[in-house]
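With TSV, N, CA and C atoms inside, this is run.tsv:
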chain	number	residue	atom	x	y	z
M	1	MET	N	-18.47	51.45	41.65
M	1	MET	CA	-17.90	50.77	40.51
M	1	MET	C	-16.88	51.63	39.83
M	2	LYS	N	-15.88	50.93	39.41
M	2	LYS	CA	-14.83	51.66	38.74
M	2	LYS	C	-14.80	51.24	37.28
M	3	PHE	N	-14.96	52.21	36.41
M	3	PHE	CA	-14.91	51.95	34.97
M	3	PHE	C	-13.57	52.39	34.44
M	4	SER	N	-13.13	51.66	33.43
M	4	SER	CA	-11.85	52.04	32.83
M	4	SER	C	-12.05	53.22	31.90
M	5	LYS	N	-11.01	53.94	31.78
M	5	LYS	CA	-11.06	55.11	30.92
M	5	LYS	C	-10.83	54.67	29.48
M	6	LYS	N	-11.26	55.52	28.57
M	6	LYS	CA	-11.11	55.19	27.16
M	6	LYS	C	-9.65	55.04	26.77
M	7	GLY	N	-8.83	55.68	27.35
M	7	GLY	CA	-7.43	55.66	26.99
M	7	GLY	C	-6.64	54.52	27.59
M	8	ASP	N	-7.23	53.80	28.56
M	8	ASP	CA	-6.50	52.69	29.19
M	8	ASP	C	-6.33	51.54	28.21
M	9	ASN	N	-5.16	51.00	28.20
M	9	ASN	CA	-4.85	49.85	27.36
M	9	ASN	C	-4.61	48.67	28.27
M	10	ASN	N	-5.50	47.69	28.27
M	10	ASN	CA	-5.39	46.55	29.16
M	10	ASN	C	-4.58	45.45	28.47
M	11	ASN	N	-3.38	45.20	28.92
M	11	ASN	CA	-2.50	44.19	28.32
M	11	ASN	C	-2.62	42.84	28.99
M	12	ASN	N	-3.50	42.68	29.92
M	12	ASN	CA	-3.63	41.43	30.66
M	12	ASN	C	-4.73	40.52	30.10
M	13	ILE	N	-5.07	40.66	28.84
M	13	ILE	CA	-6.11	39.83	28.24
M	13	ILE	C	-5.50	38.47	27.88
M	14	GLU	N	-6.13	37.40	28.35
M	14	GLU	CA	-5.68	36.05	28.05
M	14	GLU	C	-6.85	35.23	27.53
M	15	VAL	N	-6.54	34.33	26.62
M	15	VAL	CA	-7.57	33.43	26.09
M	15	VAL	C	-7.34	32.06	26.71
M	16	ASN	N	-8.36	31.53	27.34
M	16	ASN	CA	-8.26	30.22	27.97
M	16	ASN	C	-8.50	29.14	26.91
M	17	LEU	N	-7.48	28.35	26.59
M	17	LEU	CA	-7.57	27.33	25.55
M	17	LEU	C	-8.00	25.96	26.07
M	18	THR	N	-8.18	25.83	27.35
M	18	THR	CA	-8.55	24.54	27.93
M	18	THR	C	-9.87	24.01	27.37
M	19	PRO	N	-10.94	24.81	27.29
M	19	PRO	CA	-12.19	24.27	26.71
M	19	PRO	C	-12.03	23.87	25.25
M	20	LEU	N	-11.24	24.62	24.50
M	20	LEU	CA	-11.01	24.28	23.09
M	20	LEU	C	-10.30	22.94	22.96
M	21	ILE	N	-9.29	22.72	23.77
M	21	ILE	CA	-8.56	21.45	23.74
M	21	ILE	C	-9.48	20.30	24.15
M	22	ASP	N	-10.34	20.53	25.14
M	22	ASP	CA	-11.30	19.50	25.56
M	22	ASP	C	-12.23	19.11	24.41
M	23	VAL	N	-12.73	20.10	23.70
M	23	VAL	CA	-13.64	19.83	22.58
M	23	VAL	C	-12.92	19.08	21.47
M	24	VAL	N	-11.69	19.46	21.16
M	24	VAL	CA	-10.92	18.78	20.12
M	24	VAL	C	-10.69	17.32	20.48
M	25	PHE	N	-10.33	17.04	21.71
M	25	PHE	CA	-10.11	15.65	22.13
M	25	PHE	C	-11.41	14.85	22.13
M	26	LEU	N	-12.50	15.46	22.53
M	26	LEU	CA	-13.79	14.77	22.47
M	26	LEU	C	-14.18	14.43	21.04
M	27	LEU	N	-13.96	15.36	20.11
M	27	LEU	CA	-14.23	15.08	18.70
M	27	LEU	C	-13.33	13.97	18.17
M	28	LEU	N	-12.08	14.00	18.56
M	28	LEU	CA	-11.14	12.96	18.14
M	28	LEU	C	-11.60	11.59	18.62
M	29	ILE	N	-11.97	11.50	19.88
M	29	ILE	CA	-12.44	10.23	20.43
M	29	ILE	C	-13.73	9.79	19.73
M	30	PHE	N	-14.64	10.73	19.47
M	30	PHE	CA	-15.89	10.40	18.78
M	30	PHE	C	-15.61	9.81	17.40
M	31	PHE	N	-14.74	10.44	16.63
M	31	PHE	CA	-14.45	9.94	15.29
M	31	PHE	C	-13.72	8.60	15.32
M	32	MET	N	-12.87	8.41	16.30
M	32	MET	CA	-12.17	7.12	16.41
M	32	MET	C	-13.15	6.00	16.73
M	33	VAL	N	-14.10	6.26	17.60
M	33	VAL	CA	-15.07	5.23	17.99
M	33	VAL	C	-16.07	4.95	16.87
M	34	SER	N	-16.46	5.97	16.13
M	34	SER	CA	-17.49	5.79	15.10
M	34	SER	C	-16.93	5.36	13.75
M	35	THR	N	-15.65	5.18	13.64
M	35	THR	CA	-15.03	4.77	12.38
M	35	THR	C	-15.39	3.32	12.08
M	36	THR	N	-15.72	3.06	10.82
M	36	THR	CA	-15.93	1.68	10.38
M	36	THR	C	-14.71	1.25	9.59
M	37	PHE	N	-14.35	0.01	9.75
M	37	PHE	CA	-13.17	-0.51	9.08
M	37	PHE	C	-13.60	-1.31	7.86
M	38	ILE	N	-12.85	-1.20	6.79
M	38	ILE	CA	-13.14	-1.92	5.56
M	38	ILE	C	-12.22	-3.13	5.49
M	39	TYR	N	-12.83	-4.29	5.37
M	39	TYR	CA	-12.05	-5.53	5.24
M	39	TYR	C	-12.13	-6.00	3.80
M	40	SER	N	-11.02	-6.42	3.26
M	40	SER	CA	-11.04	-6.93	1.89
M	40	SER	C	-11.65	-8.32	1.87
M	41	ASN	N	-12.24	-8.68	0.72
M	41	ASN	CA	-12.93	-9.95	0.59
M	41	ASN	C	-12.00	-11.12	0.36
M	42	SER	N	-10.82	-10.87	-0.07
M	42	SER	CA	-9.91	-11.98	-0.30
M	42	SER	C	-8.71	-11.86	0.62
M	43	ILE	N	-8.15	-12.97	0.96
M	43	ILE	CA	-7.03	-13.03	1.88
M	43	ILE	C	-5.82	-13.55	1.13
M	44	ASP	N	-4.74	-12.79	1.15
M	44	ASP	CA	-3.52	-13.26	0.52
M	44	ASP	C	-2.81	-14.22	1.46
M	45	VAL	N	-2.39	-15.34	0.91
M	45	VAL	CA	-1.68	-16.32	1.73
M	45	VAL	C	-0.41	-16.74	1.03
M	46	ASN	N	0.62	-16.94	1.79
M	46	ASN	CA	1.83	-17.59	1.31
M	46	ASN	C	1.78	-19.00	1.85
M	47	LEU	N	1.64	-19.95	0.95
M	47	LEU	CA	1.51	-21.33	1.39
M	47	LEU	C	2.80	-21.79	2.04
M	48	PRO	N	2.70	-22.48	3.15
M	48	PRO	CA	3.90	-22.89	3.88
M	48	PRO	C	4.58	-24.09	3.24
M	49	ALA	N	5.83	-24.24	3.56
M	49	ALA	CA	6.56	-25.43	3.14
M	49	ALA	C	6.27	-26.52	4.17
M	50	ALA	N	6.24	-27.76	3.71
M	50	ALA	CA	5.93	-28.85	4.63
M	50	ALA	C	6.63	-30.12	4.20
M	51	LYS	N	6.83	-30.98	5.16
M	51	LYS	CA	7.37	-32.30	4.89
M	51	LYS	C	6.23	-33.30	5.06
M	52	GLY	N	6.20	-34.29	4.21
M	52	GLY	CA	5.15	-35.29	4.35
M	52	GLY	C	5.26	-36.33	3.26
M	53	ASP	N	4.36	-37.30	3.33
M	53	ASP	CA	4.35	-38.37	2.35
M	53	ASP	C	3.76	-37.87	1.04
M	54	GLU	N	4.31	-38.37	-0.04
M	54	GLU	CA	3.76	-38.06	-1.34
M	54	GLU	C	2.68	-39.07	-1.67
M	55	THR	N	1.62	-38.60	-2.32
M	55	THR	CA	0.55	-39.49	-2.71
M	55	THR	C	0.78	-39.97	-4.13
M	56	SER	N	0.11	-41.02	-4.49
M	56	SER	CA	0.23	-41.58	-5.84
M	56	SER	C	-0.28	-40.57	-6.85
M	57	VAL	N	0.50	-40.29	-7.89
M	57	VAL	CA	0.13	-39.28	-8.86
M	57	VAL	C	-0.68	-39.84	-10.02
M	58	SER	N	-0.81	-41.14	-10.14
M	58	SER	CA	-1.51	-41.71	-11.29
M	58	SER	C	-3.01	-41.43	-11.26
M	59	GLU	N	-3.63	-41.49	-10.09
M	59	GLU	CA	-5.07	-41.29	-9.99
M	59	GLU	C	-5.46	-39.87	-9.57
M	60	ASN	N	-4.49	-39.02	-9.33
M	60	ASN	CA	-4.79	-37.68	-8.84
M	60	ASN	C	-5.11	-36.72	-9.98
M	61	ILE	N	-5.92	-35.73	-9.66
M	61	ILE	CA	-6.22	-34.67	-10.61
M	61	ILE	C	-5.48	-33.43	-10.12
M	62	ARG	N	-4.65	-32.90	-10.98
M	62	ARG	CA	-3.78	-31.78	-10.62
M	62	ARG	C	-4.39	-30.48	-11.14
M	63	VAL	N	-4.70	-29.57	-10.22
M	63	VAL	CA	-5.24	-28.26	-10.59
M	63	VAL	C	-4.20	-27.21	-10.21
M	64	VAL	N	-3.75	-26.44	-11.19
M	64	VAL	CA	-2.72	-25.43	-10.97
M	64	VAL	C	-3.35	-24.05	-11.13
M	65	LEU	N	-3.16	-23.21	-10.12
M	65	LEU	CA	-3.63	-21.82	-10.16
M	65	LEU	C	-2.42	-20.92	-10.32
M	66	THR	N	-2.36	-20.19	-11.42
M	66	THR	CA	-1.23	-19.29	-11.65
M	66	THR	C	-1.55	-17.91	-11.10
M	67	GLN	N	-0.50	-17.12	-10.95
M	67	GLN	CA	-0.66	-15.77	-10.42
M	67	GLN	C	-1.49	-14.91	-11.37
M	68	SER	N	-1.42	-15.19	-12.67
M	68	SER	CA	-2.18	-14.41	-13.65
M	68	SER	C	-3.66	-14.76	-13.69
M	69	GLY	N	-4.08	-15.80	-12.93
M	69	GLY	CA	-5.49	-16.14	-12.86
M	69	GLY	C	-5.90	-17.33	-13.71
M	70	VAL	N	-4.96	-17.95	-14.40
M	70	VAL	CA	-5.27	-19.10	-15.25
M	70	VAL	C	-5.44	-20.34	-14.38
M	71	ILE	N	-6.46	-21.15	-14.70
M	71	ILE	CA	-6.71	-22.40	-14.00
M	71	ILE	C	-6.39	-23.54	-14.95
M	72	ASN	N	-5.37	-24.33	-14.61
M	72	ASN	CA	-4.98	-25.48	-15.42
M	72	ASN	C	-5.41	-26.75	-14.70
M	73	ILE	N	-6.09	-27.64	-15.43
M	73	ILE	CA	-6.49	-28.93	-14.88
M	73	ILE	C	-5.79	-29.99	-15.70
M	74	ASP	N	-4.90	-30.73	-15.05
M	74	ASP	CA	-4.07	-31.75	-15.71
M	74	ASP	C	-3.39	-31.21	-16.96
M	75	GLY	N	-2.86	-29.99	-16.85
M	75	GLY	CA	-2.05	-29.41	-17.92
M	75	GLY	C	-2.81	-28.62	-18.96
M	76	LYS	N	-4.12	-28.55	-18.89
M	76	LYS	CA	-4.90	-27.82	-19.89
M	76	LYS	C	-5.64	-26.67	-19.21
M	77	ALA	N	-5.58	-25.48	-19.81
M	77	ALA	CA	-6.20	-24.28	-19.24
M	77	ALA	C	-7.71	-24.28	-19.49
M	78	TYR	N	-8.46	-23.86	-18.46
M	78	TYR	CA	-9.91	-23.79	-18.55
M	78	TYR	C	-10.38	-22.45	-18.01
M	79	PRO	N	-11.44	-21.89	-18.63
M	79	PRO	CA	-12.02	-20.67	-18.05
M	79	PRO	C	-12.74	-20.99	-16.75
M	80	GLU	N	-12.96	-19.98	-15.95
M	80	GLU	CA	-13.54	-20.18	-14.63
M	80	GLU	C	-14.92	-20.83	-14.68
M	81	ASN	N	-15.72	-20.49	-15.69
M	81	ASN	CA	-17.07	-21.03	-15.76
M	81	ASN	C	-17.12	-22.48	-16.25
M	82	ALA	N	-16.00	-23.03	-16.74
M	82	ALA	CA	-15.98	-24.41	-17.24
M	82	ALA	C	-15.27	-25.36	-16.28
M	83	VAL	N	-14.75	-24.86	-15.18
M	83	VAL	CA	-13.97	-25.70	-14.26
M	83	VAL	C	-14.84	-26.78	-13.64
M	84	GLU	N	-15.99	-26.41	-13.12
M	84	GLU	CA	-16.86	-27.39	-12.45
M	84	GLU	C	-17.32	-28.47	-13.43
M	85	LYS	N	-17.68	-28.06	-14.64
M	85	LYS	CA	-18.15	-29.02	-15.65
M	85	LYS	C	-17.05	-30.02	-16.01
M	86	HIS	N	-15.84	-29.53	-16.20
M	86	HIS	CA	-14.74	-30.42	-16.55
M	86	HIS	C	-14.40	-31.36	-15.39
M	87	LEU	N	-14.43	-30.86	-14.18
M	87	LEU	CA	-14.16	-31.71	-13.02
M	87	LEU	C	-15.23	-32.79	-12.87
M	88	ALA	N	-16.48	-32.46	-13.19
M	88	ALA	CA	-17.56	-33.46	-13.13
M	88	ALA	C	-17.32	-34.57	-14.14
M	89	GLN	N	-16.82	-34.21	-15.33
M	89	GLN	CA	-16.48	-35.23	-16.33
M	89	GLN	C	-15.33	-36.11	-15.85
M	90	MET	N	-14.36	-35.50	-15.19
M	90	MET	CA	-13.22	-36.27	-14.70
M	90	MET	C	-13.63	-37.18	-13.54
M	91	LYS	N	-14.65	-36.78	-12.78
M	91	LYS	CA	-15.13	-37.61	-11.67
M	91	LYS	C	-15.69	-38.93	-12.19
M	92	LYS	N	-16.30	-38.90	-13.38
M	92	LYS	CA	-16.84	-40.12	-13.98
M	92	LYS	C	-15.73	-41.09	-14.36
M	93	SER	N	-14.61	-40.57	-14.87
M	93	SER	CA	-13.52	-41.45	-15.30
M	93	SER	C	-12.58	-41.82	-14.16
M	94	LYS	N	-12.46	-40.97	-13.16
M	94	LYS	CA	-11.58	-41.23	-12.01
M	94	LYS	C	-12.36	-40.99	-10.72
M	95	PRO	N	-13.24	-41.90	-10.33
M	95	PRO	CA	-14.12	-41.64	-9.18
M	95	PRO	C	-13.42	-41.57	-7.83
M	96	GLU	N	-12.29	-42.22	-7.66
M	96	GLU	CA	-11.60	-42.25	-6.37
M	96	GLU	C	-10.42	-41.27	-6.32
M	97	SER	N	-10.39	-40.32	-7.21
M	97	SER	CA	-9.25	-39.40	-7.31
M	97	SER	C	-9.23	-38.37	-6.19
M	98	THR	N	-8.04	-37.86	-5.96
M	98	THR	CA	-7.83	-36.74	-5.05
M	98	THR	C	-7.50	-35.52	-5.89
M	99	VAL	N	-8.13	-34.41	-5.59
M	99	VAL	CA	-7.84	-33.16	-6.29
M	99	VAL	C	-6.67	-32.49	-5.58
M	100	ILE	N	-5.56	-32.35	-6.30
M	100	ILE	CA	-4.37	-31.69	-5.74
M	100	ILE	C	-4.33	-30.27	-6.29
M	101	ILE	N	-4.39	-29.31	-5.40
M	101	ILE	CA	-4.40	-27.90	-5.79
M	101	ILE	C	-3.01	-27.33	-5.59
M	102	GLU	N	-2.42	-26.88	-6.68
M	102	GLU	CA	-1.11	-26.23	-6.63
M	102	GLU	C	-1.31	-24.76	-6.96
M	103	ALA	N	-1.26	-23.93	-5.96
M	103	ALA	CA	-1.50	-22.50	-6.15
M	103	ALA	C	-0.20	-21.73	-5.97
M	104	ASP	N	-0.02	-20.74	-6.82
M	104	ASP	CA	1.11	-19.82	-6.70
M	104	ASP	C	1.02	-19.11	-5.35
M	105	LYS	N	2.17	-18.72	-4.81
M	105	LYS	CA	2.19	-18.04	-3.51
M	105	LYS	C	1.36	-16.77	-3.51
M	106	ASN	N	1.25	-16.10	-4.65
M	106	ASN	CA	0.56	-14.81	-4.71
M	106	ASN	C	-0.91	-14.93	-5.10
M	107	VAL	N	-1.43	-16.14	-5.26
M	107	VAL	CA	-2.84	-16.33	-5.57
M	107	VAL	C	-3.65	-16.09	-4.30
M	108	THR	N	-4.76	-15.39	-4.43
M	108	THR	CA	-5.58	-15.10	-3.26
M	108	THR	C	-6.28	-16.36	-2.76
M	109	HIS	N	-6.59	-16.35	-1.49
M	109	HIS	CA	-7.24	-17.49	-0.86
M	109	HIS	C	-8.60	-17.77	-1.49
M	110	GLY	N	-9.27	-16.74	-1.94
M	110	GLY	CA	-10.58	-16.89	-2.58
M	110	GLY	C	-10.53	-17.75	-3.82
M	111	ARG	N	-9.44	-17.65	-4.57
M	111	ARG	CA	-9.30	-18.47	-5.79
M	111	ARG	C	-9.16	-19.95	-5.42
M	112	VAL	N	-8.41	-20.24	-4.37
M	112	VAL	CA	-8.25	-21.63	-3.92
M	112	VAL	C	-9.59	-22.17	-3.44
M	113	VAL	N	-10.33	-21.36	-2.71
M	113	VAL	CA	-11.65	-21.78	-2.22
M	113	VAL	C	-12.60	-22.01	-3.40
M	114	PHE	N	-12.49	-21.18	-4.44
M	114	PHE	CA	-13.32	-21.37	-5.63
M	114	PHE	C	-13.08	-22.75	-6.24
M	115	VAL	N	-11.82	-23.15	-6.37
M	115	VAL	CA	-11.51	-24.47	-6.94
M	115	VAL	C	-12.01	-25.57	-6.02
M	116	MET	N	-11.86	-25.39	-4.72
M	116	MET	CA	-12.35	-26.40	-3.78
M	116	MET	C	-13.87	-26.54	-3.87
M	117	ASP	N	-14.58	-25.41	-3.98
M	117	ASP	CA	-16.04	-25.45	-4.11
M	117	ASP	C	-16.46	-26.12	-5.41
M	118	ALA	N	-15.77	-25.79	-6.51
M	118	ALA	CA	-16.10	-26.41	-7.79
M	118	ALA	C	-15.84	-27.91	-7.74
M	119	SER	N	-14.78	-28.32	-7.07
M	119	SER	CA	-14.47	-29.75	-6.94
M	119	SER	C	-15.53	-30.45	-6.09
M	120	ARG	N	-15.94	-29.81	-5.03
M	120	ARG	CA	-16.98	-30.39	-4.15
M	120	ARG	C	-18.30	-30.54	-4.92
M	121	LYS	N	-18.67	-29.52	-5.70
M	121	LYS	CA	-19.90	-29.59	-6.49
M	121	LYS	C	-19.81	-30.67	-7.57
M	122	ALA	N	-18.60	-30.93	-8.06
M	122	ALA	CA	-18.40	-31.96	-9.08
M	122	ALA	C	-18.42	-33.36	-8.48
M	123	GLY	N	-18.38	-33.46	-7.16
M	123	GLY	CA	-18.48	-34.76	-6.51
M	123	GLY	C	-17.22	-35.23	-5.80
M	124	PHE	N	-16.15	-34.47	-5.84
M	124	PHE	CA	-14.92	-34.86	-5.16
M	124	PHE	C	-15.01	-34.49	-3.68
M	125	ASP	N	-14.50	-35.37	-2.83
M	125	ASP	CA	-14.49	-35.06	-1.41
M	125	ASP	C	-13.10	-35.18	-0.81
M	126	LYS	N	-12.09	-35.47	-1.62
M	126	LYS	CA	-10.71	-35.53	-1.13
M	126	LYS	C	-9.90	-34.44	-1.83
M	127	PHE	N	-9.25	-33.61	-1.01
M	127	PHE	CA	-8.45	-32.51	-1.52
M	127	PHE	C	-7.06	-32.57	-0.90
M	128	ALA	N	-6.11	-32.01	-1.62
M	128	ALA	CA	-4.76	-31.81	-1.08
M	128	ALA	C	-4.25	-30.49	-1.63
M	129	ILE	N	-3.56	-29.75	-0.80
M	129	ILE	CA	-2.95	-28.50	-1.25
M	129	ILE	C	-1.45	-28.72	-1.28
M	130	ALA	N	-0.89	-28.55	-2.46
M	130	ALA	CA	0.54	-28.80	-2.65
M	130	ALA	C	1.36	-27.65	-2.08
M	131	VAL	N	2.46	-28.00	-1.42
M	131	VAL	CA	3.39	-27.02	-0.88
M	131	VAL	C	4.80	-27.43	-1.28
M	132	GLU	N	5.72	-26.50	-1.16
M	132	GLU	CA	7.12	-26.82	-1.43
M	132	GLU	C	7.70	-27.60	-0.27
M	133	GLU	N	8.49	-28.60	-0.59
M	133	GLU	CA	9.11	-29.39	0.47
M	133	GLU	C	10.33	-28.66	1.00
M	134	GLU	N	10.51	-28.69	2.30
M	134	GLU	CA	11.66	-28.01	2.93
M	134	GLU	C	12.94	-28.76	2.65
Write-out of the structure in C-alpha cells:
Amino acid sequence: MKFSKKGDNNNNIEVNLTPLIDVVFLLLIFFMVSTTFIYSNSIDVNLPAAKGDETSVSENIRVVLTQSGVINIDGKAYPENAVEKHLAQMKKSKPESTVIIEADKNVTHGRVVFVMDASRKAGFDKFAIAVEEE
C-alpha cells in the first residue's frame, strides 16, 4: 500500500453533485404532487349579451343586484335577510310572475344564486336573467 505523504497536496478532489440534484428533483416532485389547491367559493361571471324576445314587464318582478351588494326588488332596496319574505308577499299578489334578475357584470355568481334560492323558497318557479342586447 502506498500512503500519501503529509506534504502532498491532492488537487484532484471533486464533489459529485448528481445525488444532490436527484434528491432536489425528488423533493420538488413530492411537493408538487402533495400540494392542495384552494378554490374560491364564489365564481365571478360576466353575463353575456344575447338576442331574444322580450317578456311582458307588467307582471314581472324585477330584482336588481348592484356591484356594491344592494338588492333592489321593483325599485326598492332590501337587506339580504328580508328578500325571501318580501318575495313571498309579492307571490301572493302576483302568483304567475316571472322573477327577472338583473345583475351587474361584477356581481359574484353566488349572489345571483342567493336570489334564485330566495325566489324558489318564496314559491316562484320561473326565472329570467337579464343581459344586454347586442
(request) For atom CA of Gly75 of chain M and atom N of Glu102 of chain M, quote the distance in Å rounded to one decimal. (result)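 We find that atom CA of Gly75 of chain M and atom N of Glu102 of chain M lie 11.5 Å from each other.
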(request) Do a neighbour search on segment 114-124 of chain M at 9 Å with only C-alpha atoms, toss out local chain neighbours closer than 4 positions, and write the hits as a PyMOL selection string. (result) chain M and resi 63+65+71+83-91+95-99+101+109-110
(request) Go ahead and compute the interatomic distance for atom CA of Val131 of chain M and atom CA of Ser68 of chain M, in Å to one decimal. (result)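 Atom CA of Ser68 of chain M lies 18.8 Å from atom CA of Val131 of chain M.
Shortest atom-to-atom contact with Ala130 of chain M among M:Asn81, M:Ile100, M:Val113, M:Thr108: M:Ile100, counting only N, CA and C atoms.
For the pair atom N of Phe31 of chain M and atom N of Leu17 of chain M, the separation is 21.7 Å.
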(request) Identify which of the residues M:Asn11, M:Asn16, M:Thr66, M:Thr35 lies closest to Arg111 of chain M, counting only C-alpha atoms when measuring atom-to-atom distances. (result) M:Thr66
Return as JSON the centre and edge lengths, in Å with one decimal, of the box along x, y and z that encloses every atom of segment 91-97 of chain M in the file, padded by 5 Å per side.
{"center_x": -13.0, "center_y": -39.5, "center_z": -10.7, "size_x": 17.6, "size_y": 15.5, "size_z": 19.1}
(request) Tell me which of M:Gln67, M:Asn60, M:Thr18, M:Asn72 sits closest to Lys94 of chain M, counting only N, CA and C atoms. (result) M:Asn60
